[in-house]
$ cat data_28.txt   # compact mmCIF, C-alpha atoms
# COMPACT_ATOMS: atom_id res chain seq x y z
CA MET A 144 15.82 12.77 0.14
CA LEU A 145 14.57 13.04 -3.44
CA ILE A 146 13.68 9.67 -4.95
CA GLU A 147 13.02 9.14 -8.65
CA ASP A 148 9.60 7.85 -9.66
CA ILE A 149 9.38 4.34 -11.03
CA THR A 150 7.23 3.54 -14.07
CA VAL A 151 5.71 0.07 -14.31
CA HIS A 152 5.21 -1.35 -17.81
CA VAL A 153 3.06 -4.18 -19.15
CA ASP A 154 3.86 -5.50 -22.63
CA ASN A 155 6.50 -2.76 -22.88
CA LYS A 156 3.87 -0.04 -22.43
CA PRO A 157 3.82 2.30 -19.39
CA VAL A 158 0.82 1.54 -17.18
CA TYR A 159 1.34 3.46 -13.94
CA ASP A 160 3.91 5.31 -11.88
CA ILE A 161 5.14 4.69 -8.36
CA THR A 162 5.74 8.14 -6.87
CA PHE A 163 7.71 8.88 -3.70
CA ASN A 164 6.68 11.84 -1.58
CA ASP A 165 6.95 13.24 1.95
CA SER A 166 3.31 14.40 2.23
CA TYR A 167 -0.07 14.08 0.50
CA ASP A 168 -0.01 17.64 -0.85
CA GLY A 169 0.68 16.63 -4.45
CA LEU A 170 -2.00 13.95 -4.76
CA ALA A 171 -4.77 16.10 -6.23
CA ASP A 172 -2.48 17.51 -8.90
CA ILE A 173 -1.40 14.03 -10.04
CA LEU A 174 -5.01 12.79 -10.12
CA ASN A 175 -5.94 15.83 -12.18
CA ARG A 176 -3.16 15.05 -14.67
CA LEU A 177 -4.42 11.45 -14.86
CA GLY A 178 -7.83 12.73 -15.97
CA PHE A 179 -9.92 12.37 -12.81
CA SER A 180 -11.05 16.00 -12.48
CA GLY A 181 -14.84 16.13 -12.39
CA LYS A 182 -15.04 12.49 -11.26
CA LYS A 183 -16.26 10.96 -8.01
CA ILE A 184 -13.68 9.53 -5.64
CA CYS A 185 -14.22 7.03 -2.82
CA ILE A 186 -11.37 6.69 -0.31
CA VAL A 187 -11.36 3.20 1.19
CA SER A 188 -9.49 2.79 4.46
CA GLU A 189 -9.55 0.95 7.77
CA THR A 190 -10.12 2.43 11.19
CA ASN A 191 -6.51 2.66 12.37
CA VAL A 192 -5.09 4.24 9.22
CA ALA A 193 -8.08 6.52 8.69
CA SER A 194 -7.53 8.07 12.11
CA LEU A 195 -3.98 9.01 11.09
CA TYR A 196 -4.13 10.06 7.44
CA LEU A 197 -7.68 10.42 6.15
CA ASP A 198 -8.02 14.09 7.08
CA ALA A 199 -4.81 14.97 5.24
CA ILE A 200 -6.05 13.17 2.11
CA LEU A 201 -9.45 14.88 2.29
CA ILE A 202 -7.84 18.30 2.69
CA SER A 203 -5.56 17.65 -0.28
CA LEU A 204 -8.40 16.57 -2.55
CA ASN A 205 -11.11 19.01 -1.45
CA ASN A 206 -8.90 22.10 -1.42
CA GLU A 207 -8.45 21.88 -5.18
CA GLY A 208 -12.21 21.83 -5.89
CA ILE A 209 -11.71 19.84 -9.08
CA PHE A 210 -13.51 16.62 -8.18
CA ASN A 211 -17.25 15.99 -8.41
CA LYS A 212 -17.47 14.33 -4.99
CA VAL A 213 -15.06 12.85 -2.46
CA THR A 214 -16.57 10.24 -0.16
CA THR A 215 -15.16 7.63 2.22
CA PHE A 216 -15.68 4.00 3.17
CA ILE A 217 -14.09 2.91 6.46
CA PHE A 218 -14.02 -0.69 7.67
CA ASN A 219 -12.69 -2.28 10.85
CA ALA A 220 -8.95 -2.93 10.87
CA GLY A 221 -7.60 -6.48 10.73
CA GLU A 222 -6.98 -9.37 8.33
CA GLU A 223 -10.24 -10.97 9.48
CA ASN A 224 -12.10 -8.15 7.69
CA LYS A 225 -10.51 -8.79 4.30
CA ASN A 226 -13.55 -10.72 3.11
CA LEU A 227 -16.47 -10.70 0.71
CA ASP A 228 -18.87 -9.27 3.32
CA VAL A 229 -16.86 -6.05 3.50
CA VAL A 230 -16.57 -5.98 -0.30
CA ARG A 231 -20.36 -6.32 -0.51
CA ASP A 232 -20.78 -3.35 1.83
CA LEU A 233 -18.39 -1.35 -0.35
CA TYR A 234 -20.39 -2.29 -3.48
CA GLU A 235 -23.55 -1.03 -1.77
CA ARG A 236 -21.89 2.26 -0.91
CA LEU A 237 -20.70 2.74 -4.49
CA ILE A 238 -24.14 1.92 -5.88
CA THR A 239 -25.83 4.29 -3.43
CA GLU A 240 -23.38 7.07 -4.32
CA LYS A 241 -23.96 6.33 -8.04
CA PHE A 242 -20.34 5.58 -8.90
CA ASP A 243 -19.86 4.70 -12.55
CA ARG A 244 -16.98 3.20 -14.56
CA ASN A 245 -15.30 6.59 -14.97
CA ASP A 246 -14.94 7.18 -11.22
CA LEU A 247 -12.12 6.23 -8.87
CA LEU A 248 -11.39 4.24 -5.72
CA ILE A 249 -8.41 5.10 -3.51
CA ALA A 250 -6.92 2.44 -1.24
CA LEU A 251 -5.47 4.21 1.80
CA GLY A 252 -3.71 1.75 4.08
CA GLY A 253 -1.70 -1.44 4.22
CA GLY A 254 -1.94 -4.70 2.35
CA VAL A 255 -5.41 -5.60 3.60
CA THR A 256 -6.88 -2.32 2.35
CA GLY A 257 -5.01 -2.44 -0.96
CA ASP A 258 -6.02 -6.03 -1.70
CA LEU A 259 -9.67 -5.47 -0.80
CA THR A 260 -10.02 -2.15 -2.63
CA GLY A 261 -8.25 -3.50 -5.70
CA PHE A 262 -10.57 -6.51 -5.82
CA ALA A 263 -13.64 -4.28 -5.48
CA ALA A 264 -12.30 -2.05 -8.26
CA ALA A 265 -11.66 -5.06 -10.49
CA THR A 266 -15.20 -6.38 -10.09
CA TYR A 267 -17.49 -3.37 -9.63
CA LEU A 268 -19.16 -2.67 -13.01
CA ARG A 269 -16.62 -5.12 -14.49
CA GLY A 270 -13.77 -2.83 -13.52
CA ILE A 271 -13.13 0.77 -12.48
CA ASP A 272 -9.87 2.59 -11.78
CA PHE A 273 -8.16 2.62 -8.42
CA VAL A 274 -5.10 4.20 -6.81
CA GLN A 275 -2.88 2.68 -4.15
CA ILE A 276 -1.73 4.86 -1.25
CA PRO A 277 0.24 2.35 0.84
CA THR A 278 0.98 3.37 4.42
CA SER A 279 2.82 0.30 5.77
CA LEU A 280 6.29 -0.94 4.89
CA LEU A 281 4.85 -4.23 3.66
CA SER A 282 2.41 -2.54 1.29
CA GLN A 283 4.97 -0.01 0.05
CA VAL A 284 7.56 -2.63 -0.91
CA ASP A 285 5.26 -5.39 -2.09
CA SER A 286 1.48 -5.60 -2.10
CA SER A 287 0.71 -2.21 -3.69
CA ILE A 288 2.77 -3.06 -6.79
CA GLY A 289 1.77 -5.49 -9.51
CA GLY A 290 -2.00 -5.56 -9.63
CA LYS A 291 -2.64 -8.69 -7.55
CA THR A 292 -5.87 -8.13 -5.63
CA GLY A 293 -8.00 -10.41 -3.52
CA VAL A 294 -9.80 -11.30 -0.31
CA ASP A 295 -9.80 -14.22 2.06
CA PHE A 296 -12.58 -16.81 1.87
CA SER A 297 -13.59 -18.75 5.00
CA SER A 298 -10.11 -18.01 6.43
CA TYR A 299 -8.37 -19.35 3.29
CA LYS A 300 -6.01 -16.56 2.39
CA ASN A 301 -6.43 -14.71 -0.93
CA MET A 302 -8.54 -17.48 -2.47
CA VAL A 303 -10.78 -15.00 -4.35
CA GLY A 304 -9.03 -12.39 -6.44
CA ALA A 305 -8.22 -10.78 -9.75
CA PHE A 306 -5.35 -9.06 -11.55
CA HIS A 307 -6.17 -5.37 -11.82
CA MET A 308 -3.44 -2.77 -12.25
CA PRO A 309 -3.71 0.52 -10.33
CA ARG A 310 -3.53 3.86 -12.12
CA LEU A 311 -1.02 5.17 -9.58
CA VAL A 312 0.92 4.15 -6.48
CA TYR A 313 1.43 7.23 -4.31
CA MET A 314 3.80 6.77 -1.38
CA ASN A 315 4.23 9.19 1.49
CA GLN A 316 7.47 8.00 3.09
CA ASN A 317 6.69 9.86 6.31
CA SER A 318 3.83 7.44 6.97
CA LEU A 319 6.42 4.81 7.94
CA LYS A 320 7.17 6.87 11.06
CA SER A 321 3.76 5.94 12.47
CA LEU A 322 4.38 2.18 12.36
CA ASP A 323 4.93 0.35 15.61
CA LYS A 324 7.96 -1.95 15.74
CA ARG A 325 5.96 -5.12 15.14
CA GLN A 326 4.27 -3.76 12.00
CA PHE A 327 7.59 -2.50 10.70
CA ILE A 328 9.29 -5.87 11.22
CA SER A 329 6.36 -7.53 9.45
CA GLY A 330 7.22 -5.45 6.39
CA MET A 331 10.82 -6.60 6.58
CA GLY A 332 9.59 -10.10 5.72
CA GLU A 333 8.94 -8.95 2.17
CA VAL A 334 12.09 -6.80 2.04
CA LEU A 335 14.43 -9.64 3.03
CA LYS A 336 12.60 -11.90 0.60
CA HIS A 337 13.54 -9.62 -2.30
CA GLY A 338 17.23 -9.91 -1.49
CA LEU A 339 17.11 -13.65 -0.82
CA ILE A 340 15.43 -14.55 -4.11
CA LEU A 341 16.96 -12.11 -6.58
CA ASP A 342 19.62 -9.73 -5.26
CA ALA A 343 22.44 -10.90 -2.99
CA GLY A 344 23.93 -7.40 -2.99
CA TYR A 345 20.68 -5.96 -1.63
CA TYR A 346 20.56 -8.67 1.03
CA THR A 347 24.09 -7.71 2.12
CA TRP A 348 23.14 -4.01 2.12
CA ILE A 349 20.21 -4.79 4.47
CA LYS A 350 22.56 -6.59 6.88
CA ASN A 351 25.11 -3.78 6.77
CA ASN A 352 22.46 -1.12 7.41
CA PHE A 353 20.50 -3.00 10.07
CA SER A 354 20.95 -0.38 12.80
CA LYS A 355 19.73 2.46 10.55
CA ILE A 356 16.82 0.39 9.29
CA ILE A 357 15.60 -0.67 12.71
CA THR A 358 15.81 2.91 14.03
CA LEU A 359 13.79 4.14 11.01
CA ASP A 360 16.46 6.42 9.59
CA TYR A 361 14.55 8.35 6.94
CA ASP A 362 17.12 8.33 4.12
CA THR A 363 17.91 4.65 4.67
CA LEU A 364 14.23 3.72 4.57
CA CYS A 365 13.77 5.73 1.38
CA GLU A 366 16.57 3.78 -0.27
CA LEU A 367 15.24 0.48 1.08
CA VAL A 368 11.72 1.06 -0.26
CA HIS A 369 13.02 2.28 -3.62
CA ARG A 370 15.31 -0.73 -4.10
CA SER A 371 12.57 -3.19 -3.17
CA CYS A 372 10.16 -1.46 -5.56
CA LEU A 373 12.70 -1.77 -8.38
CA ILE A 374 12.95 -5.52 -7.74
CA LYS A 375 9.18 -5.93 -7.59
CA ARG A 376 8.78 -3.83 -10.76
CA MET A 377 11.29 -6.00 -12.63
CA VAL A 378 9.47 -9.22 -11.73
CA VAL A 379 6.00 -7.84 -12.43
CA GLU A 380 7.02 -6.51 -15.85
CA GLU A 381 8.49 -9.86 -16.84
CA ASP A 382 5.54 -11.90 -15.56
CA PRO A 383 2.44 -9.74 -14.92
CA THR A 384 0.01 -12.64 -14.28
CA GLU A 385 2.28 -14.99 -12.29
CA LYS A 386 2.80 -17.70 -14.88
CA GLY A 387 6.56 -17.92 -14.42
CA LYS A 388 9.20 -15.85 -12.62
CA ARG A 389 6.72 -13.92 -10.49
CA ALA A 390 6.11 -17.12 -8.52
CA LEU A 391 9.55 -16.53 -6.96
CA LEU A 392 7.95 -13.76 -4.91
CA ASN A 393 6.14 -16.50 -2.98
CA PHE A 394 9.37 -17.48 -1.21
CA GLY A 395 8.49 -18.07 2.45
CA HIS A 396 4.77 -17.80 1.72
CA THR A 397 3.63 -21.42 1.34
CA LEU A 398 4.32 -22.46 4.92
CA GLY A 399 3.98 -18.82 5.98
CA HIS A 400 0.36 -18.66 4.82
CA ALA A 401 -0.38 -22.05 6.40
CA LEU A 402 1.12 -20.88 9.69
CA GLU A 403 -0.87 -17.63 9.47
CA LYS A 404 -4.10 -19.62 9.16
CA TYR A 405 -3.12 -22.09 11.89
CA MET A 406 -2.45 -19.19 14.27
CA ASN A 407 -5.84 -17.71 13.37
CA PHE A 408 -4.07 -14.57 12.08
CA GLU A 409 -2.71 -13.77 15.55
CA LEU A 410 0.70 -13.45 13.88
CA LEU A 411 1.14 -10.75 11.25
CA HIS A 412 1.57 -11.74 7.62
CA GLY A 413 5.18 -10.56 7.44
CA GLU A 414 6.06 -12.35 10.68
CA CYS A 415 4.83 -15.58 9.12
CA VAL A 416 6.78 -14.84 5.94
CA LEU A 417 9.96 -14.39 7.99
CA ILE A 418 9.40 -17.75 9.70
CA GLY A 419 8.39 -19.28 6.36
CA SER A 420 11.63 -17.97 4.83
CA ILE A 421 13.64 -19.77 7.50
CA LEU A 422 11.65 -22.94 6.84
CA ALA A 423 12.21 -22.66 3.08
CA SER A 424 15.92 -22.09 3.72
CA LEU A 425 16.01 -25.20 5.93
CA ILE A 426 14.40 -27.22 3.15
CA SER A 427 16.94 -25.78 0.71
CA TYR A 428 19.74 -26.85 3.07
CA ASN A 429 18.28 -30.32 3.67
CA LYS A 430 18.07 -30.81 -0.10
CA GLY A 431 21.76 -29.91 -0.44
CA ASN A 432 21.18 -26.64 -2.30
CA ILE A 433 22.85 -24.31 0.20
CA ASP A 434 25.63 -24.98 2.69
CA LYS A 435 25.56 -24.65 6.47
CA ASN A 436 27.28 -21.25 6.47
CA THR A 437 24.67 -19.83 4.09
CA LEU A 438 21.83 -21.27 6.15
CA THR A 439 23.28 -19.86 9.35
CA ASP A 440 23.76 -16.44 7.74
CA ILE A 441 20.12 -16.34 6.59
CA ILE A 442 18.71 -17.44 9.93
CA THR A 443 20.96 -15.07 11.90
CA THR A 444 19.92 -12.16 9.70
CA ILE A 445 16.20 -12.91 10.00
CA LYS A 446 16.44 -13.44 13.77
CA MET A 447 17.99 -9.98 14.11
CA PHE A 448 14.48 -8.65 13.53
CA GLU A 449 13.08 -10.34 16.67
CA ILE A 450 10.43 -12.57 15.16
CA PRO A 451 7.97 -14.12 17.65
CA ALA A 452 8.43 -17.60 19.07
CA LEU A 453 5.92 -20.29 18.08
CA PRO A 454 3.93 -22.32 20.63
CA LYS A 455 5.85 -25.39 21.78
CA ASP A 456 2.82 -27.63 21.18
CA ILE A 457 2.30 -26.49 17.60
CA ASP A 458 0.64 -29.11 15.36
CA ILE A 459 3.08 -29.46 12.47
CA ASP A 460 0.94 -31.89 10.50
CA LYS A 461 -2.08 -29.60 10.67
CA ILE A 462 -0.03 -26.71 9.29
CA ILE A 463 1.24 -28.94 6.49
CA ASP A 464 -2.34 -29.97 5.69
CA TYR A 465 -3.26 -26.29 5.28
CA THR A 466 -0.74 -26.01 2.45
CA ARG A 467 -3.03 -28.23 0.35
CA ASN A 468 -5.49 -25.32 0.17
CA ASP A 469 -2.83 -22.90 -1.02
CA LYS A 470 -3.46 -21.27 -4.39
CA LYS A 471 0.02 -22.41 -5.44
CA VAL A 472 -1.01 -26.08 -5.47
CA VAL A 473 -0.79 -27.56 -8.98
CA GLY A 474 -2.57 -30.91 -9.15
CA ASP A 475 -1.26 -32.84 -6.15
CA LYS A 476 2.00 -30.90 -5.95
CA ILE A 477 2.93 -27.58 -4.36
CA LYS A 478 4.83 -24.93 -6.27
CA PHE A 479 7.49 -24.35 -3.61
CA ILE A 480 10.17 -21.64 -3.86
CA LEU A 481 13.63 -22.66 -2.66
CA LEU A 482 17.15 -21.25 -2.84
CA LYS A 483 20.17 -22.40 -4.83
CA SER A 484 22.11 -19.59 -3.17
CA ILE A 485 21.37 -16.16 -1.73
CA GLY A 486 19.94 -14.13 -4.59
CA ASN A 487 19.16 -17.22 -6.68
CA ALA A 488 15.74 -18.79 -6.10
CA TYR A 489 13.93 -21.41 -8.15
CA ILE A 490 10.60 -23.26 -8.34
CA ASP A 491 10.65 -26.77 -6.85
CA MET A 492 7.67 -29.06 -7.48
CA ASP A 493 9.03 -31.96 -5.42
CA VAL A 494 8.86 -30.72 -1.82
CA THR A 495 7.23 -33.49 0.20
CA LYS A 496 5.32 -33.48 3.47
CA GLU A 497 8.36 -35.07 5.07
CA ASP A 498 10.56 -32.23 3.77
CA MET A 499 8.22 -29.70 5.40
CA ARG A 500 7.90 -31.73 8.58
CA GLN A 501 11.69 -32.00 8.93
CA ALA A 502 12.13 -28.26 8.40
CA PHE A 503 9.54 -27.49 11.07
CA THR A 504 11.13 -29.97 13.48
CA ASP A 505 14.57 -28.45 12.92
CA TYR A 506 13.17 -24.96 13.40
CA LEU A 507 11.37 -25.78 16.65
CA ASP A 508 14.37 -27.68 18.02
CA GLN A 509 17.06 -25.16 17.15
CA TYR A 510 15.71 -21.72 16.22
CA ASN A 511 12.36 -21.12 17.98
CA MET A 512 13.42 -18.49 20.52
$ encode --input "data_28.txt" --output "structure tokens"
Amino acid sequence: MLIEDITVHVDNKPVYDITFNDSYDGLADILNRLGFSGKKICIVSETNVASLYLDAILISLNNEGIFNKVTTFIFNAGEENKNLDVVRDLYERLITEKFDRNDLLIALGGGVTGDLTGFAAATYLRGIDFVQIPTSLLSQVDSSIGGKTGVDFSSYKNMVGAFHMPRLVYMNQNSLKSLDKRQFISGMGEVLKHGLILDAGYYTWIKNNFSKIITLDYDTLCELVHRSCLIKRMVVEEDPTEKGKRALLNFGHTLGHALEKYMNFELLHGECVLIGSILASLISYNKGNIDKNTLTDIITTIKMFEIPALPKDIDIDKIIDYTRNDKKVVGDKIKFILLKSIGNAYIDMDVTKEDMRQAFTDYLDQYNM
């Protein structure tokens, strides 16, 4: 299935393309056209992804013979390694290999790799170029697009970061075939979010194509990724530094991030976003924004993707306390994203601890299965 490239603009000027491919064969040619011939390239990846795709990337780049040097930096897989210690090790590698501001980093992997590599690129020598090669559904539809980079600090998620746009997002759609079911469903947290906050028609399309999506039908996944990228592109272009509409993309993330920390990252990010989306929908219902039928439809749709059950003895108040350390806190209030209807989200600055506690109680009593 041929998918048209998407160009991302900032201030009405084209900044980078999102390209859709079925292999890595065309990567060297695109990098050459972007002006990186004769430059040094460092491919940053984590152990799991590197074992699957690194050789194909190296073959693609080295066969052309147009780059000064192609080196690699591999770190241990897992959210717990998205930290400043790993960034420091990457800095040391770049210094040792004499990378300068004209050279290039490539982020090969999921959201952890993209966030970490982007942050290193934003801060090494005050900024060098980087390319995103997302290999997970979550990174293809969300984290690779928009220039938000960052690492966790003392288990506080994404507390250190920078905005730094990539030069290219290169997607190999065949990489989605390697995802296990849990990783794939994690990515659906961001996909469903796009429909819930901005596009009711897309949300309905996801429901209607559930069987093809869950069985990884190639053409259906290509359309799904492309439609989510168009939504993300629209929001990023309107609000590149998250001062307004881009905050809507945090739907499901406030309590989702808090839950992720509480569970010591034993749940995947997208799993927590799916649960957080139910919690945000419950708050929206309890505030009278959406009716019971809408709430039931949202929860039924999310539960189709078999999200994990939470421990019965979960400490709700502790999770709520973690939201105070969220980067979306403004003064003593949390910038919470709620729904007026499916496809129509808004920023609510008046969500209380009791609102969150009630949503969690309702969830555990009625939907935790």
$ residues_near_point --input "data_28.txt" --point "(-13.9, -12.5, -2.8)" --cutoff "6 Å" --atoms "only C-alpha atoms" --output "JSON, numbers by chain"
{"A": [227, 294, 303]}
$ atom_distance --input "data_28.txt" --atom1 "atom CA of Leu319 of chain A" --atom2 "atom CA of Glu147 of chain A"
18.4 Å
$ closest_atom_pairs --input "data_28.txt" --of "segment 295-354 of chain A" --to "segment 484-487 of chain A" --cutoff "7 Å" --atoms "only C-alpha atoms" --output "JSON lines"
{"residue": "A:Gly338", "atom": "CA", "partner": "A:Gly486", "partner_atom": "CA", "distance": 5.9}
{"residue": "A:Leu339", "atom": "CA", "partner": "A:Gly486", "partner_atom": "CA", "distance": 4.7}
{"residue": "A:Ile340", "atom": "CA", "partner": "A:Gly486", "partner_atom": "CA", "distance": 4.6}
{"residue": "A:Leu341", "atom": "CA", "partner": "A:Gly486", "partner_atom": "CA", "distance": 4.1}
{"residue": "A:Asp342", "atom": "CA", "partner": "A:Gly486", "partner_atom": "CA", "distance": 4.5}
{"residue": "A:Ala343", "atom": "CA", "partner": "A:Gly486", "partner_atom": "CA", "distance": 4.4}
$ closest_residue --input "data_28.txt" --among "A:Leu398, A:Ile433, A:Ala502, A:Val416" --to "Thr466 of chain A" --atoms "all atoms listed in the file"
A:Leu398
$ closest_residue --input "data_28.txt" --among "A:Ala305, A:Val379, A:Leu174, A:Ile249" --to "Ile217 of chain A" --atoms "all atoms listed in the file"
A:Ile249
$ residues_near_point --input "data_28.txt" --point "(-23.1, -0.2, -6.3)" --cutoff "12 Å" --atoms "only C-alpha atoms" --output "list in words"
Cys185, Val230, Arg231, Asp232, Leu233, Tyr234, Glu235, Arg236, Leu237, Ile238, Thr239, Glu240, Lys241, Phe242, Asp243, Arg244, Ala263, Ala264, Thr266, Tyr267, Leu268, Arg269 and Ile271 of chain A
$ write_last_selection --input "data_28.txt" --atoms "C-alpha atoms" --output "PDB file, in the frame of the given file"
ATOM      1  CA  CYS A 185     -14.220   7.030  -2.820  1.00  0.00           C
ATOM      2  CA  VAL A 230     -16.570  -5.980  -0.300  1.00  0.00           C
ATOM      3  CA  ARG A 231     -20.360  -6.320  -0.510  1.00  0.00           C
ATOM      4  CA  ASP A 232     -20.780  -3.350   1.830  1.00  0.00           C
ATOM      5  CA  LEU A 233     -18.390  -1.350  -0.350  1.00  0.00           C
ATOM      6  CA  TYR A 234     -20.390  -2.290  -3.480  1.00  0.00           C
ATOM      7  CA  GLU A 235     -23.550  -1.030  -1.770  1.00  0.00           C
ATOM      8  CA  ARG A 236     -21.890   2.260  -0.910  1.00  0.00           C
ATOM      9  CA  LEU A 237     -20.700   2.740  -4.490  1.00  0.00           C
ATOM     10  CA  ILE A 238     -24.140   1.920  -5.880  1.00  0.00           C
ATOM     11  CA  THR A 239     -25.830   4.290  -3.430  1.00  0.00           C
ATOM     12  CA  GLU A 240     -23.380   7.070  -4.320  1.00  0.00           C
ATOM     13  CA  LYS A 241     -23.960   6.330  -8.040  1.00  0.00           C
ATOM     14  CA  PHE A 242     -20.340   5.580  -8.900  1.00  0.00           C
ATOM     15  CA  ASP A 243     -19.860   4.700 -12.550  1.00  0.00           C
ATOM     16  CA  ARG A 244     -16.980   3.200 -14.560  1.00  0.00           C
ATOM     17  CA  ALA A 263     -13.640  -4.280  -5.480  1.00  0.00           C
ATOM     18  CA  ALA A 264     -12.300  -2.050  -8.260  1.00  0.00           C
ATOM     19  CA  THR A 266     -15.200  -6.380 -10.090  1.00  0.00           C
ATOM     20  CA  TYR A 267     -17.490  -3.370  -9.630  1.00  0.00           C
ATOM     21  CA  LEU A 268     -19.160  -2.670 -13.010  1.00  0.00           C
ATOM     22  CA  ARG A 269     -16.620  -5.120 -14.490  1.00  0.00           C
ATOM     23  CA  ILE A 271     -13.130   0.770 -12.480  1.00  0.00           C
TER      24      ILE A 271
END
$ residues_around --input "data_28.txt" --residues "Leu335 of chain A" --least-positions-apart "5" --cutoff "8 Å" --atoms "only C-alpha atoms" --output "ChimeraX atom specification"
/A:346,349,445
$ atom_distance --input "data_28.txt" --atom1 "atom CA of His369 of chain A" --atom2 "atom CA of Leu410 of chain A"
26.6 Å
$ closest_residue --input "data_28.txt" --among "A:Phe210, A:Arg389, A:Ala199, A:Thr150" --to "Gly178 of chain A" --atoms "all atoms listed in the file"
A:Phe210
$ atom_distance --input "data_28.txt" --atom1 "atom CA of Arg376 of chain A" --atom2 "atom CA of Ala250 of chain A"
19.4 Å
$ residues_around --input "data_28.txt" --residues "Tyr506 of chain A" --least-positions-apart "2" --cutoff "10 Å" --atoms "only C-alpha atoms" --output "list in words"
Ile418, Ile421, Leu422, Leu425, Ile442, Leu453, Arg500, Gln501, Ala502, Phe503, Thr504, Asp508, Gln509, Tyr510, Asn511 and Met512 of chain A
$ residues_around --input "data_28.txt" --residues "segment 189-194 of chain A" --least-positions-apart "3" --cutoff "7 Å" --atoms "all atoms listed in the file" --output "PDB file with C-alpha atoms, in the coordinates of the input"
ATOM      1  CA  LEU A 197      -7.680  10.420   6.150  1.00  0.00           C
ATOM      2  CA  ILE A 217     -14.090   2.910   6.460  1.00  0.00           C
ATOM      3  CA  PHE A 218     -14.020  -0.690   7.670  1.00  0.00           C
ATOM      4  CA  ASN A 219     -12.690  -2.280  10.850  1.00  0.00           C
ATOM      5  CA  ALA A 220      -8.950  -2.930  10.870  1.00  0.00           C
ATOM      6  CA  GLY A 252      -3.710   1.750   4.080  1.00  0.00           C
ATOM      7  CA  THR A 256      -6.880  -2.320   2.350  1.00  0.00           C
TER       8      THR A 256
END
$ closest_residue --input "data_28.txt" --among "A:His152, A:Lys183, A:Lys225, A:Lys336" --to "Gly289 of chain A" --atoms "all atoms listed in the file"
A:His152
$ closest_residue --input "data_28.txt" --among "A:Ser318, A:Asn211, A:Ser166, A:Thr495" --to "Lys430 of chain A" --atoms "all atoms listed in the file"
A:Thr495
$ closest_residue --input "data_28.txt" --among "A:Asn245, A:Asn226, A:Thr444, A:Asn407" --to "Met302 of chain A" --atoms "only C-alpha atoms"
A:Asn226
$ residues_around --input "data_28.txt" --residues "Ser371 of chain A" --least-positions-apart "6" --cutoff "9 Å" --atoms "only C-alpha atoms" --output "PDB file with C-alpha atoms, in the coordinates of the input"
ATOM      1  CA  GLN A 283       4.970  -0.010   0.050  1.00  0.00           C
ATOM      2  CA  VAL A 284       7.560  -2.630  -0.910  1.00  0.00           C
ATOM      3  CA  ASP A 285       5.260  -5.390  -2.090  1.00  0.00           C
ATOM      4  CA  GLU A 333       8.940  -8.950   2.170  1.00  0.00           C
ATOM      5  CA  VAL A 334      12.090  -6.800   2.040  1.00  0.00           C
ATOM      6  CA  HIS A 337      13.540  -9.620  -2.300  1.00  0.00           C
ATOM      7  CA  GLY A 338      17.230  -9.910  -1.490  1.00  0.00           C
ATOM      8  CA  TYR A 345      20.680  -5.960  -1.630  1.00  0.00           C
TER       9      TYR A 345
END
$ axis_aligned_box --input "data_28.txt" --around "segment 162-173 of chain A" --padding-each-side "5 Å" --output "lines of an AutoDock Vina configuration file"
center_x = 1.5
center_y = 12.9
center_z = -3.9
size_x = 22.5
size_y = 19.5
size_z = 22.3
$ residues_around --input "data_28.txt" --residues "Tyr465 of chain A" --least-positions-apart "6" --cutoff "10 Å" --atoms "only C-alpha atoms" --output "list in words"
Tyr299, Thr397, Leu398, His400, Ala401, Leu402, Glu403, Lys404 and Tyr405 of chain A
